[in-house]
Amino acid sequence: MDGIYFGITNGGSSSKWFITYLLAASSVAIASTFFLFNQPFNPNGSDDHPSILSSRSIRVWPDLELNWRIVVATVVGFLGSAFGTVGGVGGGGIFVPMLNLVVGFDTKSAAALSKCMIMGASMSSVWYNLRVMHPAKEVPIIDYNLALLFQPMLMLGITIGVELSVVFPYWLITVLIIILFMGTSSRSFFRGILMWKQETILKMEMKRKEAQLKASGDEVIIDSEYEPLLPHPVEKSGLEAFFFNIRWKGVLVLMLVWCSFLLLQILKNKSEVCSPVYWVINVLQFPIAISVFTWEAVKLWKESRARRMRGNWECVCEASIEWTPIQLLFCAFCGLLGGTVGGLLGSGGGFILGPLLLEIGVIPQVASATATFVMMFSSSLSVVEFYFLGRFPIPYALYLIAVSVMAGFWGQFFVRKLVKVLKRASLIVFILSSVIFASALTMGVVGTEKSMAMIKNHEYMGFLNFCEK
C-alpha cells in the first residue's frame with residue numbers, strides 16, 4: 001500500500017501549501033469585512049440609504065404540487081444524492097441553491113431540507129455499504145476508528161458553524177466556501193489523476209504477466225502495493241457481510257455521542273439566546289466532543305507506537321499514516337473545519353471529511369463508506385433538531401427523503417459495479433472532485449447574485465450581532 005497510497009498522500013509540502021492557501025485566503029476575506037464594512041449596524045440607516053438587516057429572512061414554503069419546479073428538483077436531487085454519496089460529500093452545496101432558487105424556499109428552510117436529503121441518501125448508502133465486503137482485506141468496509149475520531153469534532157464544528165452563520169454576512173460565507181471548495185476539489189482532482197496513472201500501470205503490468213504466464217497456466221500474483229486498487233470478489237452473502245461489517249461497540253459509542261448532542265441542542269433551543277443557561281449548554285458540547293476524540297486518539301497513538309516498537313509497520317487502521325500527536329491534532333482541526341462548513345452551508349460536513357480521508361491514505365471505497373456513515377449521524381442530528389424547530393414542511397421533506405434514499409442506493413450500486421468492471425477506484429475520487437467543484441460554482445453564482453442585490457438595496461454587509469433579536 002505504501003507504494004501507491006502513501007506515496008500519493010504523504011505530500012507533506014503540498015499539504016502545507018494547501019493549508020497556507022486556505023488560512024491566507026480566509027484571513028484576507030474575513031479582514032476585508034472589518035475594513036470595508038466596519039460601520040456599526042444602524043437599523044434606521046442614513047437619510048439617503050436606510051440599512052436593511054438581511055440575515056432575518058422571511059419563511060417561504062411553496063406547496064408540494066406537480067410542476068416544472070418539482071420535476072427539476074427531483075432530477076437534480078436524485079443526481080446530486082447519487083453522486084454526492086458515492087463521493088462521500090453529501091451534496092449540500094448543490095441542494096441548498098436548488099431548493100432556494102428553483103423551488104423557492106427561503107435560505108434557512110432550504111438548508112433544513114438539504115439536511116433531510118443528505119440524511120436519506122446517507123442512510124441508504126450505509127445500508128448498501130454494510131452489505132458489501134472490503135475490496136482488499138477481511139475487515140469492515142467502514143473504518144470505525146476513523147468514524148469515532150472524526151464524528152465528535154464534526155458535530156461540534158456543526159454547532160460552531162450554525163452560530164457563525166448568524167454573525168457572518170452572506171457574501172463572506174459564500175467567499176469562504178468557494179475558497180475551501182476550489183482548494184479541496186483541485187487536490188482531489190489531481191489525486192484522482194495520480195491514482196488513474198497508477199491503475200493504468202497496474203493494468204498494463206497485469207496484461208504483461210498474463211501474457212507471460214498464459215502458456216504455463218500459473219496463477220498471476222498481484223503485488224501487494226497495487227492490491228487495494230483491485231476489487232476482490234465478494235465471498236460472503238449480503239446478510240453475512242452485514243453482520244461482519246457491523247461493530248456494535250463503535251455504533252453504540254457513536255449513538256451515545258449523537259444522543260448527548262441532541263439533548264444539548266434541545267435544551268439550548270428551549271433557552272433564551274445569550275442567557276447564562278444558553279452559554280453553559282453551548283460550552284458543555286466541548287468536553288463531550290473532546291473526551292470522545294481524545295479517547296480514540298490516545299488509543300490510535302498507543303497502538304501505533306506499540307507496533308512501531310515491535311518493528312511492525314502495518315497500519316493501525318485504513319489510514320496509511322503514523323498516528324503522531326501532530327497528525328491527530330490536524331485531524332481534529334479538519335473535523336472542526338468540516339463541521340463548521342456543514343453548519344454554515346447546511347451540508348453534512350462531507351466536503352471536508354471525504355477529501356481528508358483520501359489525504360491520509362484511505363482507499364476510495366472505504367473513504368466513501370466511512371464518510372457517508374459519519375454524515376448519517378451528523379445530518380440526522382440536524383434533521384431531528386430542525387423538526388422540533390419547525391424549520392421544514394413535512395410533505396416536502398418526506399418526498400425529498402424518498403428521492404434521496406433511492407438515489408443513494410442506486411448511485412452506490414452502479415458506481416461500485418463500474419469500479420469493479422473497469423478496475424478503476426479513481427472514478428470515486430473524480431466523482432468527489434466533480435461534486436465539490438459543482439457546489440463551488442453553484443454557490444458562487446447564487447452568492448454573487450444575492451450580494452449584488454444586497455449592494456443595490458443598500459443592505460448591511462458587515463458582521464451581525466449574535467445576541468440581537
# chains A, B, ... in the order shown; residues from 1 in each chain; ligands from 1
$ residues_around --residues "Met98 (chain A)" --least-positions-apart "4" --cutoff "12 Å" --atoms "only C-alpha atoms" --output "PDB file with C-alpha atoms, in the first residue's frame"
ATOM      1  CA  ARG A  69     -40.026  23.146 -10.366  1.00  0.00           C
ATOM      2  CA  ILE A  70     -40.651  19.849  -8.588  1.00  0.00           C
ATOM      3  CA  VAL A  71     -39.507  17.940 -11.698  1.00  0.00           C
ATOM      4  CA  VAL A  72     -36.206  19.866 -11.788  1.00  0.00           C
ATOM      5  CA  ALA A  73     -35.799  19.432  -8.021  1.00  0.00           C
ATOM      6  CA  THR A  74     -36.375  15.677  -8.364  1.00  0.00           C
ATOM      7  CA  VAL A  75     -33.829  15.266 -11.163  1.00  0.00           C
ATOM      8  CA  VAL A  76     -31.185  17.475  -9.529  1.00  0.00           C
ATOM      9  CA  GLY A  77     -31.841  15.928  -6.119  1.00  0.00           C
ATOM     10  CA  GLY A  80     -26.822  15.135  -6.525  1.00  0.00           C
ATOM     11  CA  GLY A  91     -24.258  17.273  -1.913  1.00  0.00           C
ATOM     12  CA  GLY A  92     -25.473  20.112   0.315  1.00  0.00           C
ATOM     13  CA  GLY A  93     -23.667  22.661  -1.838  1.00  0.00           C
ATOM     14  CA  ILE A  94     -25.984  21.701  -4.710  1.00  0.00           C
ATOM     15  CA  VAL A 102     -35.599  26.666  -8.322  1.00  0.00           C
ATOM     16  CA  VAL A 103     -38.218  25.545  -5.789  1.00  0.00           C
ATOM     17  CA  GLY A 104     -38.481  28.895  -3.985  1.00  0.00           C
ATOM     18  CA  PHE A 105     -37.737  28.082  -0.330  1.00  0.00           C
ATOM     19  CA  ASP A 106     -36.113  30.672   1.896  1.00  0.00           C
ATOM     20  CA  THR A 107     -32.444  30.067   2.734  1.00  0.00           C
ATOM     21  CA  SER A 109     -35.717  26.219   5.082  1.00  0.00           C
ATOM     22  CA  ALA A 110     -33.579  25.190   2.096  1.00  0.00           C
ATOM     23  CA  ALA A 111     -30.689  24.357   4.435  1.00  0.00           C
ATOM     24  CA  LEU A 113     -34.416  20.357   3.669  1.00  0.00           C
ATOM     25  CA  SER A 114     -30.873  19.847   2.392  1.00  0.00           C
ATOM     26  CA  SER A 439     -21.021  23.077  -5.463  1.00  0.00           C
ATOM     27  CA  THR A 442     -23.400  26.918  -7.764  1.00  0.00           C
ATOM     28  CA  MET A 443     -22.590  28.730  -4.534  1.00  0.00           C
ATOM     29  CA  VAL A 445     -23.399  32.103  -8.876  1.00  0.00           C
ATOM     30  CA  VAL A 446     -26.019  32.293  -6.128  1.00  0.00           C
TER      31      VAL A 446
END
$ closest_atom_pairs --of "region 156-190 of chain A" --to "region 282-288 of chain A" --cutoff "12 Å" --atoms "only C-alpha atoms" --output "tab-separated table"
residue	atom	partner	partner_atom	distance
A:Leu156	CA	A:Gln285	CA	6.7
A:Gly157	CA	A:Phe286	CA	9.9
A:Ile158	CA	A:Gln285	CA	11.2
A:Thr159	CA	A:Asn282	CA	8.5
A:Ile160	CA	A:Asn282	CA	9.3
A:Val162	CA	A:Asn282	CA	11.8
A:Glu163	CA	A:Asn282	CA	10.1
$ closest_atom_pairs --of "region 135-221 of chain A" --to "region 358-368 of chain A" --cutoff "8 Å" --atoms "only C-alpha atoms" --output "JSON lines"
{"residue": "A:Pro135", "atom": "CA", "partner": "A:Gln365", "partner_atom": "CA", "distance": 7.6}
{"residue": "A:Ile141", "atom": "CA", "partner": "A:Val366", "partner_atom": "CA", "distance": 5.4}
{"residue": "A:Ile142", "atom": "CA", "partner": "A:Val366", "partner_atom": "CA", "distance": 6.0}
{"residue": "A:Asp143", "atom": "CA", "partner": "A:Val366", "partner_atom": "CA", "distance": 7.1}
$ residues_around --residues "Ile118 (chain A)" --least-positions-apart "3" --cutoff "8 Å" --atoms "only C-alpha atoms" --output "list in words"
Ser81, Gly90, Gly91, Gly92, Ser114, Lys115, Ala121, Ser122, Ser347, Gly348, Met375, Met376, Ser379 and Ser404 of chain A
$ closest_residue --among "A:Ser320, A:Ser185, A:Ser27, A:Gln265" --to "Phe388 (chain A)" --atoms "only C-alpha atoms"
A:Gln265
$ closest_residue --among "A:Phe190, A:Phe373, A:Phe242, A:Trp258" --to "Ala289 (chain A)" --atoms "only C-alpha atoms"
A:Trp258
$ residues_around --residues "region 338-340 of chain A" --least-positions-apart "4" --cutoff "7 Å" --atoms "only C-alpha atoms" --output "ChimeraX atom specification"
/A:154-158,160-161,334,344,349-353
$ closest_residue --among "A:Ala211, A:Val277, A:Val421, A:Leu337" --to "Leu23 (chain A)" --atoms "only C-alpha atoms"
A:Leu337
$ residues_around --residues "Gly87 (chain A)" --least-positions-apart "5" --cutoff "6 Å" --atoms "only C-alpha atoms" --output "VMD selection string"
chain A and resid 368 428 431 to 432
$ write_last_selection --atoms "N, CA, C and O atoms" --output "compact mmCIF listing (two decimals), in the first residue's frame"
# COMPACT_ATOMS: atom_id res chain seq x y z
N SER A 368 -15.33 6.56 1.01
CA SER A 368 -16.72 6.86 0.71
C SER A 368 -17.66 6.27 1.75
O SER A 368 -18.56 6.94 2.26
N ILE A 428 -14.25 7.07 -8.16
CA ILE A 428 -14.87 7.62 -6.95
C ILE A 428 -14.25 8.97 -6.61
O ILE A 428 -14.95 9.92 -6.22
N ILE A 431 -15.53 11.61 -9.03
CA ILE A 431 -16.90 11.99 -8.68
C ILE A 431 -16.91 12.94 -7.50
O ILE A 431 -17.62 13.96 -7.49
N LEU A 432 -16.10 12.64 -6.49
CA LEU A 432 -15.99 13.51 -5.32
C LEU A 432 -15.54 14.91 -5.74
O LEU A 432 -16.13 15.92 -5.34
$ residues_around --residues "Gly183 (chain A)" --least-positions-apart "3" --cutoff "12 Å" --atoms "only C-alpha atoms" --output "MDAnalysis selection string"
chainID A and resid 14:15 17:23 25:26 176:180 186:190 351:352 355 433 436:437 440
$ closest_residue --among "A:Lys108, A:Tyr170, A:Phe413, A:Lys423" --to "Met452 (chain A)" --atoms "only C-alpha atoms"
A:Tyr170
$ closest_residue --among "A:Ala332, A:Ile30, A:Ala369, A:Val273" --to "Ile173 (chain A)" --atoms "only C-alpha atoms"
A:Ile30
$ residues_around --residues "Asn145 (chain A)" --least-positions-apart "4" --cutoff "9 Å" --atoms "only C-alpha atoms" --output "compact mmCIF listing (two decimals) with all heavy atoms, in the first residue's frame"
# COMPACT_ATOMS: atom_id res chain seq x y z
N LEU A 149 -13.08 8.94 15.52
CA LEU A 149 -12.13 10.04 15.62
C LEU A 149 -12.74 11.34 15.11
O LEU A 149 -12.54 12.41 15.70
CB LEU A 149 -10.86 9.71 14.84
CG LEU A 149 -9.68 10.66 15.00
CD1 LEU A 149 -9.08 10.53 16.39
CD2 LEU A 149 -8.61 10.36 13.95
N PHE A 150 -13.50 11.26 14.02
CA PHE A 150 -13.98 12.48 13.35
C PHE A 150 -15.39 12.89 13.75
O PHE A 150 -15.70 14.08 13.75
CB PHE A 150 -13.93 12.28 11.83
CG PHE A 150 -12.54 12.32 11.26
CD1 PHE A 150 -11.96 11.17 10.76
CD2 PHE A 150 -11.82 13.50 11.24
CE1 PHE A 150 -10.67 11.19 10.24
CE2 PHE A 150 -10.54 13.53 10.71
CZ PHE A 150 -9.96 12.38 10.21
N GLY A 250 -18.52 0.25 18.41
CA GLY A 250 -18.34 1.54 17.76
C GLY A 250 -19.67 2.22 17.50
O GLY A 250 -19.80 3.44 17.69
N GLU A 296 -10.33 8.09 21.53
CA GLU A 296 -9.99 7.39 20.30
C GLU A 296 -8.58 7.75 19.83
O GLU A 296 -7.84 6.89 19.35
CB GLU A 296 -11.01 7.72 19.21
CG GLU A 296 -10.76 7.00 17.89
CD GLU A 296 -10.87 5.50 18.03
OE1 GLU A 296 -11.64 5.02 18.88
OE2 GLU A 296 -10.17 4.79 17.26
N ALA A 297 -8.20 9.02 19.98
CA ALA A 297 -6.86 9.46 19.54
C ALA A 297 -5.77 8.78 20.36
O ALA A 297 -4.75 8.32 19.80
CB ALA A 297 -6.75 10.98 19.66
N LEU A 300 -5.42 5.15 19.21
CA LEU A 300 -4.68 5.04 17.95
C LEU A 300 -3.20 5.31 18.15
O LEU A 300 -2.34 4.62 17.59
CB LEU A 300 -5.27 6.02 16.92
CG LEU A 300 -6.63 5.67 16.33
CD1 LEU A 300 -7.12 6.80 15.44
CD2 LEU A 300 -6.56 4.37 15.54
N CYS A 317 -5.16 1.47 11.26
CA CYS A 317 -6.49 1.46 10.64
C CYS A 317 -6.31 1.65 9.14
O CYS A 317 -5.23 1.40 8.61
CB CYS A 317 -7.38 2.55 11.25
SG CYS A 317 -6.68 4.21 11.10
N GLU A 318 -7.35 2.09 8.45
CA GLU A 318 -7.27 2.22 7.00
C GLU A 318 -6.34 3.35 6.56
O GLU A 318 -5.87 3.35 5.43
CB GLU A 318 -8.67 2.46 6.42
CG GLU A 318 -9.58 1.26 6.52
CD GLU A 318 -9.13 0.13 5.61
OE1 GLU A 318 -8.57 0.41 4.53
OE2 GLU A 318 -9.31 -1.04 5.98
